[in-house]
>>> print(open('input.cif').read())   # mmCIF, N, CA and C atoms
data_run
#
loop_
_atom_site.label_atom_id
_atom_site.label_comp_id
_atom_site.auth_asym_id
_atom_site.auth_seq_id
_atom_site.Cartn_x
_atom_site.Cartn_y
_atom_site.Cartn_z
N MET K 942 -0.15 28.20 90.14
CA MET K 942 1.02 27.49 90.62
C MET K 942 2.12 27.59 89.56
N GLU K 943 3.30 27.88 90.00
CA GLU K 943 4.44 28.04 89.10
C GLU K 943 4.91 26.69 88.56
N LEU K 944 5.57 26.74 87.41
CA LEU K 944 6.07 25.53 86.77
C LEU K 944 7.02 24.76 87.69
N ALA K 945 7.93 25.47 88.35
CA ALA K 945 8.89 24.79 89.24
C ALA K 945 8.17 24.05 90.36
N GLU K 946 7.10 24.65 90.88
CA GLU K 946 6.32 24.02 91.95
C GLU K 946 5.60 22.78 91.42
N ARG K 947 5.02 22.88 90.22
CA ARG K 947 4.35 21.72 89.61
C ARG K 947 5.35 20.59 89.36
N GLU K 948 6.55 20.94 88.90
CA GLU K 948 7.58 19.93 88.65
C GLU K 948 8.00 19.24 89.94
N ARG K 949 8.16 20.01 91.01
CA ARG K 949 8.55 19.43 92.30
C ARG K 949 7.46 18.50 92.82
N ILE K 950 6.21 18.93 92.76
CA ILE K 950 5.10 18.09 93.22
C ILE K 950 4.99 16.84 92.35
N GLY K 951 5.14 17.00 91.05
CA GLY K 951 5.09 15.85 90.15
C GLY K 951 6.18 14.84 90.45
N ALA K 952 7.38 15.33 90.73
CA ALA K 952 8.49 14.43 91.07
C ALA K 952 8.21 13.72 92.40
N THR K 953 7.56 14.41 93.33
CA THR K 953 7.19 13.80 94.61
C THR K 953 6.17 12.69 94.40
N VAL K 954 5.17 12.98 93.56
CA VAL K 954 4.15 11.96 93.25
C VAL K 954 4.83 10.73 92.65
N ARG K 955 5.73 10.96 91.69
CA ARG K 955 6.44 9.85 91.04
C ARG K 955 7.24 9.04 92.06
N ALA K 956 7.96 9.74 92.94
CA ALA K 956 8.78 9.04 93.94
C ALA K 956 7.92 8.20 94.88
N PHE K 957 6.81 8.75 95.34
CA PHE K 957 5.91 7.98 96.20
C PHE K 957 5.30 6.80 95.45
N ARG K 958 4.90 7.02 94.20
CA ARG K 958 4.31 5.95 93.39
C ARG K 958 5.29 4.81 93.20
N GLU K 959 6.51 5.16 92.80
CA GLU K 959 7.54 4.14 92.58
C GLU K 959 7.89 3.44 93.89
N GLY K 960 7.98 4.20 94.98
CA GLY K 960 8.28 3.62 96.27
C GLY K 960 7.23 2.63 96.75
N ALA K 961 5.99 2.87 96.32
CA ALA K 961 4.89 1.97 96.69
C ALA K 961 4.78 0.79 95.73
N GLY K 962 5.61 0.78 94.69
CA GLY K 962 5.63 -0.34 93.76
C GLY K 962 4.58 -0.30 92.66
N PHE K 963 3.98 0.86 92.45
CA PHE K 963 2.97 1.00 91.39
C PHE K 963 3.64 1.28 90.06
N LYS K 964 3.20 0.59 89.03
CA LYS K 964 3.58 0.92 87.66
C LYS K 964 2.66 2.05 87.20
N PRO K 965 3.13 2.90 86.27
CA PRO K 965 2.31 4.04 85.86
C PRO K 965 0.89 3.67 85.41
N ASP K 966 0.76 2.64 84.59
CA ASP K 966 -0.57 2.27 84.09
C ASP K 966 -1.51 1.86 85.21
N GLU K 967 -1.04 1.02 86.12
CA GLU K 967 -1.92 0.56 87.20
C GLU K 967 -2.25 1.69 88.16
N PHE K 968 -1.30 2.60 88.41
CA PHE K 968 -1.56 3.71 89.32
C PHE K 968 -2.57 4.67 88.71
N ALA K 969 -2.39 5.01 87.44
CA ALA K 969 -3.34 5.90 86.76
C ALA K 969 -4.74 5.31 86.81
N ASN K 970 -4.85 4.03 86.55
CA ASN K 970 -6.14 3.36 86.60
C ASN K 970 -6.73 3.41 88.01
N GLU K 971 -5.90 3.21 89.01
CA GLU K 971 -6.34 3.21 90.41
C GLU K 971 -6.91 4.56 90.83
N ILE K 972 -6.33 5.65 90.33
CA ILE K 972 -6.81 6.98 90.72
C ILE K 972 -7.78 7.58 89.71
N GLY K 973 -8.10 6.82 88.66
CA GLY K 973 -9.14 7.23 87.74
C GLY K 973 -8.75 8.22 86.66
N ILE K 974 -7.49 8.18 86.24
CA ILE K 974 -7.05 9.04 85.15
C ILE K 974 -6.30 8.20 84.11
N SER K 975 -6.00 8.81 82.96
CA SER K 975 -5.26 8.09 81.93
C SER K 975 -3.77 8.10 82.25
N ARG K 976 -3.05 7.18 81.66
CA ARG K 976 -1.60 7.11 81.83
C ARG K 976 -0.92 8.38 81.32
N PRO K 977 -1.32 8.92 80.14
CA PRO K 977 -0.70 10.17 79.69
C PRO K 977 -0.96 11.35 80.64
N TYR K 978 -2.15 11.40 81.23
CA TYR K 978 -2.44 12.48 82.18
C TYR K 978 -1.54 12.37 83.40
N LEU K 979 -1.34 11.15 83.90
CA LEU K 979 -0.42 10.93 85.02
C LEU K 979 0.99 11.37 84.64
N ALA K 980 1.42 11.02 83.45
CA ALA K 980 2.76 11.41 83.00
C ALA K 980 2.89 12.94 82.98
N ASN K 981 1.83 13.63 82.55
CA ASN K 981 1.86 15.10 82.53
C ASN K 981 1.92 15.69 83.94
N ILE K 982 1.23 15.08 84.88
CA ILE K 982 1.30 15.54 86.28
C ILE K 982 2.70 15.32 86.83
N GLU K 983 3.25 14.13 86.62
CA GLU K 983 4.57 13.82 87.15
C GLU K 983 5.67 14.66 86.52
N ALA K 984 5.45 15.10 85.29
CA ALA K 984 6.44 15.94 84.61
C ALA K 984 6.24 17.43 84.91
N GLY K 985 5.15 17.76 85.60
CA GLY K 985 4.88 19.15 85.93
C GLY K 985 4.18 19.93 84.85
N ARG K 986 3.72 19.24 83.81
CA ARG K 986 3.02 19.92 82.71
C ARG K 986 1.56 20.20 83.04
N LYS K 987 0.98 19.43 83.95
CA LYS K 987 -0.41 19.62 84.37
C LYS K 987 -0.42 19.82 85.88
N PRO K 988 -1.28 20.72 86.36
CA PRO K 988 -1.36 20.91 87.81
C PRO K 988 -2.09 19.75 88.48
N LEU K 989 -1.79 19.55 89.73
CA LEU K 989 -2.45 18.51 90.52
C LEU K 989 -3.67 19.14 91.18
N THR K 990 -4.87 18.67 90.82
CA THR K 990 -6.09 19.21 91.40
C THR K 990 -6.26 18.69 92.82
N LYS K 991 -7.12 19.34 93.59
CA LYS K 991 -7.38 18.91 94.96
C LYS K 991 -8.00 17.51 94.99
N ILE K 992 -8.85 17.23 94.03
CA ILE K 992 -9.50 15.91 93.97
C ILE K 992 -8.46 14.83 93.69
N LEU K 993 -7.58 15.07 92.70
CA LEU K 993 -6.54 14.09 92.40
C LEU K 993 -5.54 13.97 93.53
N LEU K 994 -5.23 15.07 94.19
CA LEU K 994 -4.33 15.01 95.34
C LEU K 994 -4.91 14.08 96.40
N ALA K 995 -6.20 14.20 96.67
CA ALA K 995 -6.84 13.35 97.67
C ALA K 995 -6.81 11.88 97.25
N ARG K 996 -7.09 11.61 95.98
CA ARG K 996 -7.06 10.22 95.49
C ARG K 996 -5.66 9.63 95.56
N ILE K 997 -4.67 10.42 95.17
CA ILE K 997 -3.28 9.95 95.19
C ILE K 997 -2.84 9.66 96.62
N ALA K 998 -3.11 10.60 97.52
CA ALA K 998 -2.72 10.41 98.91
C ALA K 998 -3.37 9.17 99.51
N LYS K 999 -4.64 8.97 99.22
CA LYS K 999 -5.35 7.80 99.76
C LYS K 999 -4.77 6.51 99.19
N THR K 1000 -4.54 6.48 97.88
CA THR K 1000 -4.01 5.29 97.23
C THR K 1000 -2.61 4.95 97.74
N LEU K 1001 -1.80 5.97 97.96
CA LEU K 1001 -0.43 5.75 98.42
C LEU K 1001 -0.31 5.67 99.94
N ASP K 1002 -1.42 5.93 100.63
CA ASP K 1002 -1.46 5.92 102.09
C ASP K 1002 -0.44 6.90 102.69
N VAL K 1003 -0.47 8.13 102.15
CA VAL K 1003 0.35 9.21 102.68
C VAL K 1003 -0.54 10.43 102.91
N ARG K 1004 -0.09 11.34 103.74
CA ARG K 1004 -0.84 12.57 103.96
C ARG K 1004 -0.68 13.48 102.75
N LYS K 1005 -1.72 14.23 102.44
CA LYS K 1005 -1.67 15.17 101.30
C LYS K 1005 -0.52 16.15 101.46
N VAL K 1006 -0.30 16.61 102.67
CA VAL K 1006 0.76 17.57 102.92
C VAL K 1006 2.13 17.01 102.56
N ALA K 1007 2.31 15.71 102.68
CA ALA K 1007 3.59 15.09 102.34
C ALA K 1007 3.88 15.21 100.84
N ILE K 1008 2.82 15.35 100.05
CA ILE K 1008 2.99 15.48 98.61
C ILE K 1008 3.23 16.93 98.21
N VAL K 1009 2.53 17.86 98.83
CA VAL K 1009 2.59 19.25 98.37
C VAL K 1009 3.59 20.13 99.10
N ARG K 1010 3.94 19.80 100.33
CA ARG K 1010 4.85 20.67 101.08
C ARG K 1010 6.28 20.23 100.91
N GLU K 1011 7.10 21.14 100.45
CA GLU K 1011 8.52 20.84 100.26
C GLU K 1011 9.20 20.64 101.60
N GLY K 1012 9.97 19.56 101.72
CA GLY K 1012 10.72 19.29 102.93
C GLY K 1012 9.88 18.81 104.09
N TYR K 1013 8.70 18.27 103.81
CA TYR K 1013 7.82 17.79 104.88
C TYR K 1013 8.39 16.53 105.51
N PHE K 1014 8.40 16.51 106.83
CA PHE K 1014 8.86 15.34 107.57
C PHE K 1014 7.73 14.85 108.46
N PRO K 1015 7.11 13.74 108.13
CA PRO K 1015 5.96 13.27 108.89
C PRO K 1015 6.23 12.95 110.35
N ASP K 1016 7.46 12.58 110.69
CA ASP K 1016 7.77 12.23 112.07
C ASP K 1016 7.76 13.44 112.99
N THR K 1017 8.13 14.59 112.45
CA THR K 1017 8.24 15.78 113.28
C THR K 1017 7.17 16.82 112.99
N GLU K 1018 6.40 16.63 111.91
CA GLU K 1018 5.37 17.58 111.49
C GLU K 1018 5.97 18.95 111.18
N LYS K 1019 7.24 18.99 110.82
CA LYS K 1019 7.90 20.26 110.51
C LYS K 1019 8.54 20.18 109.13
N ALA K 1020 8.59 21.30 108.48
CA ALA K 1020 9.29 21.39 107.19
C ALA K 1020 10.78 21.60 107.46
N ALA K 1021 11.57 21.18 106.52
CA ALA K 1021 13.02 21.37 106.65
C ALA K 1021 13.33 22.86 106.56
N SER K 1022 14.36 23.29 107.24
CA SER K 1022 14.71 24.70 107.18
C SER K 1022 15.70 24.96 106.09
#
>>> encode(input="input.cif", output="structure tokens")
Amino acid sequence: MELAERERIGATVRAFREGAGFKPDEFANEIGISRPYLANIEAGRKPLTKILLARIAKTLDVRKVAIVREGYFPDTEKAAS
């Protein structure tokens, strides 16, 4: 996965986390990783594994595709053009 893609996914994770009202420490604890590891994912320095993607999506109550697909719109099931 390219750096730009990791950065975009990390920013999406951060936006969903903040939107759900989670502080970094509590969210990292909830998904079973350290706060620094979460910071590295959100900054795009570490890739998001399939296992962590599943944990994050479940904790935030969003579909995995909403995190990884750019321009995903859950109401229409289509990506932005």
>>> atom_distance(input="input.cif", atom1="CA of Gly960 (chain K)", atom2="CA of Leu994 (chain K)")
17.0 Å
>>> residues_around(input="input.cif", residues="Ala945 (chain K)", least_positions_apart="6", cutoff="12 Å", atoms="only C-alpha atoms", output="list in words")
Gly951, Ala952, Glu983, Ala984, Gly985, Arg986, Lys987, Pro988 and Glu1011 of chain K
>>> select_by_dssp(input="input.cif", residues="region 971-1002 of chain K", states="alpha helix (DSSP H)", output="PyMOL selection string")
chain K and resi 971-972+976-984+991-1001
>>> closest_residue(input="input.cif", among="K:Pro965, K:Ile950, K:Glu943, K:Asn970", to="Leu989 (chain K)", atoms="only C-alpha atoms")
K:Ile950
>>> atom_distance(input="input.cif", atom1="atom N of Ile974 (chain K)", atom2="atom C of Arg1010 (chain K)")
23.5 Å
>>> select_by_dssp(input="input.cif", residues="chain K", states="strand (DSSP E)", output="list in words")
Tyr1013, Phe1014, Lys1019 and Ala1020 of chain K
>>> residues_around(input="input.cif", residues="Arg976 (chain K)", least_positions_apart="4", cutoff="6 Å", atoms="all atoms listed in the file", output="number ranges by chain")
K: 965-966, 969, 980
>>> atom_distance(input="input.cif", atom1="atom N of Asp1002 (chain K)", atom2="atom N of Leu944 (chain K)")
25.6 Å
>>> closest_residue(input="input.cif", among="K:Gly973, K:Ala961, K:Arg955, K:Val1006", to="Leu993 (chain K)", atoms="only C-alpha atoms")
K:Gly973
>>> residues_around(input="input.cif", residues="Arg996 (chain K)", least_positions_apart="4", cutoff="8 Å", atoms="all atoms listed in the file", output="list of chain:residue names")
K:Glu971, K:Ile972, K:Gly973, K:Thr990, K:Lys991, K:Ile992, K:Thr1000, K:Leu1001, K:Asp1002
>>> write_last_selection(input="input.cif", atoms="N, CA and C atoms", output="short mmCIF file (atom, residue, chain, number, x, y, z; two decimals), in the frame of the given file")
data_model
loop_
_atom_site.label_atom_id
_atom_site.label_comp_id
_atom_site.auth_asym_id
_atom_site.auth_seq_id
_atom_site.Cartn_x
_atom_site.Cartn_y
_atom_site.Cartn_z
N GLU K 971 -5.90 3.21 89.01
CA GLU K 971 -6.34 3.21 90.41
C GLU K 971 -6.91 4.56 90.83
N ILE K 972 -6.33 5.65 90.33
CA ILE K 972 -6.81 6.98 90.72
C ILE K 972 -7.78 7.58 89.71
N GLY K 973 -8.10 6.82 88.66
CA GLY K 973 -9.14 7.23 87.74
C GLY K 973 -8.75 8.22 86.66
N THR K 990 -4.87 18.67 90.82
CA THR K 990 -6.09 19.21 91.40
C THR K 990 -6.26 18.69 92.82
N LYS K 991 -7.12 19.34 93.59
CA LYS K 991 -7.38 18.91 94.96
C LYS K 991 -8.00 17.51 94.99
N ILE K 992 -8.85 17.23 94.03
CA ILE K 992 -9.50 15.91 93.97
C ILE K 992 -8.46 14.83 93.69
N THR K 1000 -4.54 6.48 97.88
CA THR K 1000 -4.01 5.29 97.23
C THR K 1000 -2.61 4.95 97.74
N LEU K 1001 -1.80 5.97 97.96
CA LEU K 1001 -0.43 5.75 98.42
C LEU K 1001 -0.31 5.67 99.94
N ASP K 1002 -1.42 5.93 100.63
CA ASP K 1002 -1.46 5.92 102.09
C ASP K 1002 -0.44 6.90 102.69
#
